[in-house]
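Below is one structure, written out as structure tokens, with a few remarks after it.
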Amino acid sequence: QVLLDESGGGSAQAGGSLRLSCEATGVAYSSNCMGWFRQIPGKEREGVAGISTRGVFTYYADSVKGRFTISRVNDIVYLHMTSLKREDTAMYYCASGSRSLAYGGSCDPSIYEYRFWGQGTQVTVSS
């Protein structure tokens, strides 16, 4: 069992910044991916960014490339969001997987299964 505890959501002005944090506790999986997803009511959940242990593999959705940065220290993952836009408003979820990337792979959510999920933290961007 893995528990994911997110923090750092809140409100920001368009063009501003926020940083999300997520700590995983419980069973530790080596060389796995941790990532961030977001969801707006009535829409499908979207993979935002993912990162493997030590940052060997990273993934970013096209919509956030150049604006968001994912980083990781052991079982804590961060999402630094800059140049925020109104369309970044969503519930953000931290997630992690159990499969190891020790022999290669990707943290792209279309390829890697994220099995464990946090409760979510709201991000609201206003103009």
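Chain labels run A, B, ... following the order of the structure tokens; each chain numbers its residues from 1, and ligands are numbered from 1 in the order shown.
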Sorted by chain and rising residue number, which residues of range 72-126 of chain A lie within 8 Å of range 45-51 of chain A, and what are their closest atom pairs and distances in Å to one decimal, counting only C-alpha atoms, as CSV?
```
residue,atom,partner,partner_atom,distance
A:Arg72,CA,A:Ile51,CA,7.2
A:Cys107,CA,A:Gly50,CA,5.3
A:Asp108,CA,A:Gly50,CA,6.7
A:Pro109,CA,A:Gly47,CA,6.2
```
For this session: Find the residues near Arg99 in chain A: any atom within 12 Å, counting only C-alpha atoms, skip ones fewer than 2 places away on the same chain, and give them as a PyMOL selection string.
Result: chain A and resi 28-34+52-53+96-97+101-107+111-116
Exercise. Could you name the residues that touch Thr69 in chain A at 10 Å or less, counting only C-alpha atoms, but leaving out those on the same chain fewer than 4 positions away, as a PyMOL selection string?
Worked result: chain A and resi 19+49-50+58-60+64-65+78-82
Exercise. In Å to one decimal, how far is CA of Gly16 in chain A from CA of Tyr93 in chain A?
Worked result: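 The value is 20.1 Å.
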Return as CSV the residues of range 96-123 of chain A lying at most 10 Å from range 5-11 of chain A, together with the closest atom-to-atom pair for each and the distance in Å to one decimal, counting only C-alpha atoms, with rows in chain order and ascending residue number.
```
residue,atom,partner,partner_atom,distance
A:Trp117,CA,A:Asp5,CA,9.0
A:Gly118,CA,A:Asp5,CA,5.9
A:Gln119,CA,A:Glu6,CA,7.4
A:Gly120,CA,A:Glu6,CA,6.6
A:Thr121,CA,A:Gly9,CA,5.3
A:Gln122,CA,A:Gly9,CA,5.3
A:Val123,CA,A:Gly10,CA,5.0
```
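Closest approach to Gln13 in chain A among A:Gln1, A:Met91, A:Ser110, A:Arg86 is made by A:Arg86 (distances from only C-alpha atoms).
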Problem set entry | Pairwise distance for CA of Thr89 in chain A and CA of Cys22 in chain A, rounded to one decimal in Å | 18.3 Å
Exercise. Just asking: which residues within chain A are strand (DSSP E) according to DSSP, as a VMD selection string?
Worked result: chain A and resid 2 to 7 10 to 13 18 to 26 33 to 39 46 to 52 58 to 60 68 to 73 76 to 81 90 to 96 116 to 117 121 to 126
For this session: Between A:Leu84, A:Val27, A:Ala12, A:Leu3, single out the one closest to Ser98 in chain A, counting only C-alpha atoms.
Result: A:Val27
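Here the DSSP assignment of helix (DSSP H, G or I), based on backbone atoms, applies within chain A to Thr53, Arg54, Gly55, Arg86, Glu87 and Asp88 of chain A.
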For this session: Quick one: pull the distance between CA of Gly26 in chain A and CA of Ser100 in chain A, Å, one decimal.
Result: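 Separation between CA of Gly26 in chain A and CA of Ser100 in chain A: 16.6 Å.
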Problem set entry | Residues within 8 Å of Ser83 in chain A, only C-alpha atoms, excluding chain neighbours under 4 positions, as an NGL selection string | :A and (14-17 or 67)
